[in-house]
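Accompanying notes for the structure given below.
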Amino acid sequence: MNYALILQLTVQGILLGGIYGLIAVGLSLIFGVMGVVNFAHGPMIVLGMYITYGIFVLAGLDPYVSCVIASGALFLLGYLIQASIVNRILDFPEAMQVLPLVATGLIIENSVLMAFGPDPRSPRTALALASFNVGPISVDVSRFIAFLLALVMTGAIFIFLKKSDVGKRIRAAADSRVGAALVGIRVNKVNNFSFGLGAATTGAAGALLLPLMATSPHLGHDFTLTAFVVVILGGLGNLPGALAGGLILGVAESLATLFVPATMKQVVSFALLVGIMLVRPQGLFGGRR
Amino acid sequence: MRKTSLLFAIAMAILMVLPAFLDKYLLGIFFMIFFYAYLGQAWNVLTGYTGHISLGHSLYVGMGAYVSTFLAMKYGLSPWIGMWAGGIIAAITGLVIGFLGFRFGLRGVYFVILTIAFAEITRLVVCHVPALGGFAGIFLDFKPSFWNLQFRSNESYYYVGLGFMVASALVVRALEKSRIGKFMIAVREDETAAEALGVNAFKYSMIAIALSAFMSALAGTLYANYIFYISPNTVMGMGLSIELILRPIVGGMGTVLGPIVGSFLLTPLSEISRAYFARGGLEGLHLILYGVLAILVVLFMREGILVYLERFWRRFVRE
């Protein structure tokens with residue numbers, strides 16, 4: 001076996017895994033606080049990619065700059081979705097919670113399709129083809145930056161939830177909606193903010209992914225499923241687990257290309273998903289949240 | 001009660017003579033109405049009656065389409081027989097998924113994700129099997145005859161589709177009246193309580209998923225022989241899984257007439273707007289409409305439209 005190749009793939013996997021982690025932290029946050037699974041997560045990432053693309057084409061802004069705009073826009077969208085739809089369905093039976101979010105995803109996906117058309121787009125950003133070498137391994141600059149930024153943002157979210165007032169309110173609402181309401185927290189507001197924050201990660205991830213892969217309107221399902229796999233690896237609602245799960249999945253998918261064609265690497269991740277759900281539904285990392 | 005039977009008799013009579021007045025295009029739309037009503041009914045058996053949510057039902061549709069098509073093209077086997085093979089394979093697959101889900105206690109969202117995962121794994125694998133046409137899919141040979149389930153006129157498809165829809169409604173109606181159906185509903189309403197009263201929730205969930213998968217697979221065979229083209233993305237993709245659950249939800253889950261009412265409302269809307277919008281360069285708009293409609297129904301008419309129709313009908317009968 002070629003060790004340099006394995007090392008190369010592992011590094012690539014870790015770098016992509018950082019973004020997976022960021023996406024999954026958003027999904028896990030939404031589940032942890034509201035108890036609903038955001039089936040629109042993938043389409044939101046695609047929307048983030050297209051917003052970044054649009055800004056790049058129109059204003060020439062680099063994706064790393066418009067990352068802020070994309071996450072802001074998605075934050076707003078998430079806030080509105082929670083305020084108008086999700087807050088009303090929190091007490092519904094599960095079947096009725098799944099559908100509105102699936103439908104939201106459908107709306108976002110097809111809005112993107114109508115706005116940008118079905119053809120794949122990949123902008124030539126400044127750093128798209130740049131790379132540097134570390135020993136035998138070559139590292140794409142854009143992948144490396146994306147990894148670093150994803151880690152920084154994930155870290156910022158952790159610190160925000162741990163230290164800030166709003167973060168404490170979010171954690172209180174996640175622990176007990178009724179309890180939080182009793183001590184005077186406006187739970188609906190907190191929910192809106194949490195969904196916004198979870199959605200903002202998708203905007204940021206979209207911006208970071210754009211230099212790495214061509215975007216097309218129907219990528220959303222794949223992203224949603226990837227996020228599911230990561231979150232279930234780490235345990236639903238477990239944020240550090242989501243980050244670790246992202247790194248694991250990134251490496252697993254990357255190494256899988258040694259054995260199967262690249263278009264089949266998702267079979268590996270889905271098989272991983274099924275296995276984990278059956279054996280350790282609480283995730284790899286210990287107990288419940 | 002008698003008036004309700006009369007209503008059904010009249011509706012049936014109208015549907016029987018209707019093709020005489022329809023052109024090819026409208027016959028095609030009616031076929032799609034029947035098709036989605038049938039498919040929605042199949043999904044309804046599992047999710048409507050036992051409450052286990054499946055978002056991977058395209059898996060079974062795809063299996064039905066691929067198995068019967070493969071047998072027909074390779075061995076010349078009639079789809080009327082091939083659809084049984086597809087149905088049985090799909091039912092076994094359903095049982096495997098059900099076993100994993102129900103035995104390991106994967107409820108709610110976990111079960112949803114399990115169904116999606118299996119559908120996606122199968123879709124990706126089929127994409128890489130050259131004998132099944134890979135990504136590009138299979139174009140079916142056109143050999144019109146009743147035995148081949150292929151027809152020159154849309155009128156024949158109309159009657160076959162109508163037959164499927166009515167048969168599925170009768171099956172589910174019989175199920176609903178039977179002990180098995182009652183136990184399924186008990187599982188849906190409160191699984192723990194049902195178990196405490198001695199209902200074997202696992203067994204009845206397994207029966208539901210097997211029947212549901214079997215019925216969905218027959219729809220796949222029908223679809224393949226109407227469209228004459230199947231590919232992993234169209235018959236096994238998540239798009240179809242989402243499409244097929246909208247009608248029973250809008251019409252009313254866990255009822256016999258819900259999927260039918262839902263299909264009569266949504267299918268013409270989607271077929272006409274699809275054709276209309278695509279011409280104006282607005283493909284995708286009909287799916288946006290769908291999404292909006294689905295959200296509105298969940299928010300404001302959680303039990304589906306059928307409840308309101310029934311209430312109206314009861315008031316009408318009393319007068």
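Residues are referred to by chain and number: the chain letter is A, B, ... according to the order shown in the structure tokens, the number counts from 1 in that chain, and ligands are numbered separately from 1 in the order shown.
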
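Interface residues on chain A toward chain B (cut-off 7 Å, only C-alpha atoms): Glu94, Ala95, Met96, Pro100, Ala103, Thr104, Leu106, Ile107, Asn110, Leu113, Met114, Met264, Val267, Phe270, Val274 and Leu278 of chain A.
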
Serialized selection, N, CA and C atoms, as a CSV table (one decimal), in the first residue's frame:
```
chain,number,residue,atom,x,y,z
A,94,GLU,N,-44.4,13.7,15.4
A,94,GLU,CA,-43.2,13.8,14.6
A,94,GLU,C,-43.4,13.8,13.1
A,95,ALA,N,-44.4,13.1,12.6
A,95,ALA,CA,-44.6,13.1,11.1
A,95,ALA,C,-44.9,14.5,10.7
A,96,MET,N,-45.6,15.2,11.5
A,96,MET,CA,-45.9,16.6,11.1
A,96,MET,C,-44.8,17.6,11.3
A,100,PRO,N,-42.9,19.9,7.3
A,100,PRO,CA,-42.7,21.3,7.0
A,100,PRO,C,-41.2,21.6,6.6
A,103,ALA,N,-40.4,20.4,3.3
A,103,ALA,CA,-41.0,21.3,2.3
A,103,ALA,C,-40.2,22.6,2.2
A,104,THR,N,-39.7,23.1,3.3
A,104,THR,CA,-38.9,24.3,3.3
A,104,THR,C,-37.7,24.0,2.4
A,106,LEU,N,-37.5,21.9,0.0
A,106,LEU,CA,-37.9,21.9,-1.4
A,106,LEU,C,-38.1,23.3,-2.0
A,107,ILE,N,-38.6,24.2,-1.1
A,107,ILE,CA,-38.8,25.6,-1.6
A,107,ILE,C,-37.4,26.3,-1.8
A,110,ASN,N,-35.7,24.8,-5.0
A,110,ASN,CA,-36.2,25.2,-6.3
A,110,ASN,C,-36.1,26.7,-6.5
A,113,LEU,N,-32.9,26.9,-8.0
A,113,LEU,CA,-32.9,26.4,-9.4
A,113,LEU,C,-33.5,27.5,-10.3
A,114,MET,N,-34.6,28.2,-9.8
A,114,MET,CA,-35.2,29.2,-10.7
A,114,MET,C,-34.3,30.4,-10.9
A,264,MET,N,-19.1,6.6,-5.2
A,264,MET,CA,-19.7,5.7,-4.3
A,264,MET,C,-19.3,5.9,-2.8
A,267,VAL,N,-21.8,5.7,-0.1
A,267,VAL,CA,-22.3,4.4,0.4
A,267,VAL,C,-21.6,4.0,1.7
A,270,PHE,N,-23.1,6.1,4.4
A,270,PHE,CA,-24.4,5.7,4.8
A,270,PHE,C,-24.4,4.4,5.6
A,274,VAL,N,-25.9,3.7,9.3
A,274,VAL,CA,-26.8,2.6,9.7
A,274,VAL,C,-26.1,1.8,10.8
A,278,LEU,N,-27.6,1.5,14.8
A,278,LEU,CA,-28.0,0.3,15.3
A,278,LEU,C,-27.3,-0.1,16.6
```

Close residues, Gly220 in chain B itself excluded, 8 Å, only C-alpha atoms, min 6 positions apart in chain, as a ChimeraX atom specification: /B:60-66,235

For those residues, write N, CA and C atoms to a file as a PDB file, in the first residue's frame.
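See selection.pdb below for the written result:
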```
ATOM      1  N   TYR B  60     -38.544   1.183  -2.735  1.00  0.00           N
ATOM      2  CA  TYR B  60     -39.395   0.061  -3.134  1.00  0.00           C
ATOM      3  C   TYR B  60     -39.952   0.275  -4.539  1.00  0.00           C
ATOM      4  N   VAL B  61     -40.293   1.532  -4.844  1.00  0.00           N
ATOM      5  CA  VAL B  61     -40.765   1.836  -6.193  1.00  0.00           C
ATOM      6  C   VAL B  61     -39.686   1.468  -7.204  1.00  0.00           C
ATOM      7  N   GLY B  62     -38.458   1.889  -6.898  1.00  0.00           N
ATOM      8  CA  GLY B  62     -37.346   1.609  -7.789  1.00  0.00           C
ATOM      9  C   GLY B  62     -37.114   0.113  -7.956  1.00  0.00           C
ATOM     10  N   MET B  63     -37.219  -0.617  -6.845  1.00  0.00           N
ATOM     11  CA  MET B  63     -37.027  -2.067  -6.940  1.00  0.00           C
ATOM     12  C   MET B  63     -38.057  -2.690  -7.862  1.00  0.00           C
ATOM     13  N   GLY B  64     -39.315  -2.290  -7.699  1.00  0.00           N
ATOM     14  CA  GLY B  64     -40.357  -2.822  -8.572  1.00  0.00           C
ATOM     15  C   GLY B  64     -40.066  -2.504 -10.025  1.00  0.00           C
ATOM     16  N   ALA B  65     -39.670  -1.244 -10.278  1.00  0.00           N
ATOM     17  CA  ALA B  65     -39.404  -0.827 -11.648  1.00  0.00           C
ATOM     18  C   ALA B  65     -38.237  -1.614 -12.234  1.00  0.00           C
ATOM     19  N   TYR B  66     -37.147  -1.721 -11.477  1.00  0.00           N
ATOM     20  CA  TYR B  66     -35.954  -2.363 -12.007  1.00  0.00           C
ATOM     21  C   TYR B  66     -36.119  -3.871 -12.158  1.00  0.00           C
ATOM     22  N   VAL B 235     -36.466   6.968 -10.298  1.00  0.00           N
ATOM     23  CA  VAL B 235     -37.328   6.028  -9.578  1.00  0.00           C
ATOM     24  C   VAL B 235     -36.806   5.655  -8.195  1.00  0.00           C
TER      25      VAL B 235
END
```

Could you check how far CA of Leu58 in chain A sits from CA of Gly117 in chain A, in Å to one decimal?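 According to the coordinates, CA of Leu58 in chain A and CA of Gly117 in chain A are separated by 16.6 Å.
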
Neighbouring residues of Arg124 in chain A were defined as those with any atom within 12 Å, considering only C-alpha atoms; residues of the same chain fewer than 5 positions away were excluded. Please report them as a ChimeraX atom specification. /A:53,56-57,60-63,129-130,142,210-214

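Every protein or nucleic acid residue with an atom no more than 8 Å from range 181-185 of chain B, counting only C-alpha atoms and leaving out same-chain residues fewer than 3 positions away, appears here: B:Tyr49, B:Thr50, B:Leu175, B:Glu176, B:Lys177, B:Ser178, B:Arg188, B:Glu189, B:Ala194, B:Val199, B:Ala201, B:Tyr204, B:Ser205, B:Ala208.
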
Best match for closeness to Asp222 in chain A among A:Leu29, A:Val98, A:Met44, A:Ala172, counting only C-alpha atoms: A:Met44

Point-to-point distance from CA of Gln82 in chain A to CA of Asn192 in chain A, Å rounded to tenths: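 Rounded to one decimal, the two atoms are 5.2 Å apart.
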
I need the alpha helix (DSSP H) residues of range 51-230 of chain A per DSSP on the backbone, written as number ranges by chain. A: 51-59, 63-81, 87-89, 94-116, 141-163, 165-175, 177-182, 187-209, 220-230

Looking at only C-alpha atoms, which of B:Ala85, B:Ile33, B:Leu22, B:Ala196 is the one that sits closest to Ile260 in chain B? B:Ile33

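Listed by chain and then by rising number, the residues of range 97-243 of chain A that DSSP assigns to strand (DSSP E) from the backbone are Ser131, Phe132, Asn133, Val134, Ile137, Ser138, Val139 and Asp140 of chain A.
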
Can you tell me how far CA of Thr154 in chain A sits from CA of Gly105 in chain A, in Å to one decimal? 23.7 Å

Pick from B:Ala174, B:Met215, B:Ile209, B:Leu59, whichever lies nearest to Phe35 in chain B using only C-alpha atoms: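 Counting only C-alpha atoms, the residue closest to Phe35 in chain B is B:Met215.
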
Contacts of Thr69 in chain B at 8 Å or less, counting only C-alpha atoms, minus same-chain residues fewer than 4 places along, as number ranges by chain? B: 65, 73, 79, 82, 140, 221, 224

Quick one: residues within 12 Å of Tyr226 in chain B, only C-alpha atoms, excluding same-chain residues fewer than 5 positions away - as an NGL selection string? :B and (28 or 31-32 or 35 or 65 or 69 or 79 or 139-144 or 148-158 or 160-161 or 219-221)

Export N, CA and C atoms of the chosen residues as a tab-separated table (two decimals), in the first residue's frame?
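Writing done, so here's part37.tsv:
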```tsv
chain	number	residue	atom	x	y	z
B	28	GLY	N	-53.76	11.18	-19.75
B	28	GLY	CA	-52.45	11.03	-19.11
B	28	GLY	C	-52.46	11.63	-17.71
B	31	PHE	N	-54.26	9.36	-15.45
B	31	PHE	CA	-53.42	8.22	-15.09
B	31	PHE	C	-52.49	8.59	-13.94
B	32	MET	N	-51.88	9.78	-14.03
B	32	MET	CA	-50.97	10.19	-12.96
B	32	MET	C	-51.73	10.39	-11.64
B	35	PHE	N	-52.16	6.96	-10.36
B	35	PHE	CA	-50.86	6.43	-9.98
B	35	PHE	C	-50.43	6.95	-8.61
B	65	ALA	N	-39.67	-1.24	-10.28
B	65	ALA	CA	-39.40	-0.83	-11.65
B	65	ALA	C	-38.24	-1.61	-12.23
B	69	THR	N	-38.58	-4.71	-15.05
B	69	THR	CA	-38.00	-4.31	-16.33
B	69	THR	C	-36.85	-5.23	-16.72
B	79	PRO	N	-44.47	-8.24	-17.41
B	79	PRO	CA	-44.45	-7.40	-16.20
B	79	PRO	C	-45.54	-7.81	-15.20
B	139	PHE	N	-33.80	2.36	-21.15
B	139	PHE	CA	-34.96	2.65	-21.99
B	139	PHE	C	-35.69	1.34	-22.26
B	140	LEU	N	-36.99	1.31	-22.02
B	140	LEU	CA	-37.73	0.07	-22.22
B	140	LEU	C	-38.08	-0.12	-23.69
B	141	ASP	N	-38.10	-1.38	-24.15
B	141	ASP	CA	-38.59	-1.66	-25.50
B	141	ASP	C	-40.09	-1.45	-25.51
B	142	PHE	N	-40.58	-0.90	-26.61
B	142	PHE	CA	-42.02	-0.69	-26.71
B	142	PHE	C	-42.65	-1.83	-27.50
B	143	LYS	N	-43.32	-2.74	-26.79
B	143	LYS	CA	-44.00	-3.86	-27.45
B	143	LYS	C	-45.42	-3.90	-26.95
B	144	PRO	N	-46.27	-3.07	-27.52
B	144	PRO	CA	-47.60	-2.91	-26.94
B	144	PRO	C	-48.42	-4.20	-26.99
B	148	ASN	N	-47.84	-7.38	-22.03
B	148	ASN	CA	-46.61	-6.63	-21.74
B	148	ASN	C	-46.86	-5.38	-20.91
B	149	LEU	N	-48.11	-5.14	-20.52
B	149	LEU	CA	-48.49	-3.97	-19.73
B	149	LEU	C	-48.12	-2.67	-20.45
B	150	GLN	N	-48.09	-2.75	-21.79
B	150	GLN	CA	-47.77	-1.55	-22.57
B	150	GLN	C	-48.87	-1.35	-23.60
B	151	PHE	N	-49.30	-0.10	-23.73
B	151	PHE	CA	-50.45	0.15	-24.59
B	151	PHE	C	-50.18	1.31	-25.52
B	152	ARG	N	-50.88	1.30	-26.64
B	152	ARG	CA	-50.78	2.41	-27.57
B	152	ARG	C	-51.59	3.60	-27.09
B	153	SER	N	-52.77	3.31	-26.52
B	153	SER	CA	-53.66	4.42	-26.15
B	153	SER	C	-53.57	4.70	-24.66
B	154	ASN	N	-53.70	5.97	-24.33
B	154	ASN	CA	-53.72	6.34	-22.92
B	154	ASN	C	-54.98	5.85	-22.23
B	155	GLU	N	-55.98	5.53	-23.02
B	155	GLU	CA	-57.23	5.04	-22.44
B	155	GLU	C	-57.00	3.75	-21.66
B	156	SER	N	-56.19	2.86	-22.24
B	156	SER	CA	-55.89	1.60	-21.54
B	156	SER	C	-55.15	1.87	-20.24
B	157	TYR	N	-54.16	2.80	-20.31
B	157	TYR	CA	-53.44	3.13	-19.08
B	157	TYR	C	-54.40	3.68	-18.04
B	158	TYR	N	-55.36	4.47	-18.50
B	158	TYR	CA	-56.35	5.05	-17.60
B	158	TYR	C	-57.05	3.95	-16.81
B	160	VAL	N	-56.14	0.77	-16.37
B	160	VAL	CA	-55.21	0.02	-15.50
B	160	VAL	C	-54.94	0.82	-14.23
B	161	GLY	N	-54.67	2.12	-14.40
B	161	GLY	CA	-54.40	2.97	-13.24
B	161	GLY	C	-55.59	3.02	-12.30
B	219	ALA	N	-46.27	-0.25	-8.05
B	219	ALA	CA	-46.36	1.07	-8.68
B	219	ALA	C	-45.15	1.32	-9.55
B	220	GLY	N	-43.98	0.83	-9.12
B	220	GLY	CA	-42.77	1.02	-9.91
B	220	GLY	C	-42.87	0.36	-11.26
B	221	THR	N	-43.41	-0.87	-11.29
B	221	THR	CA	-43.59	-1.58	-12.56
B	221	THR	C	-44.52	-0.79	-13.47
```
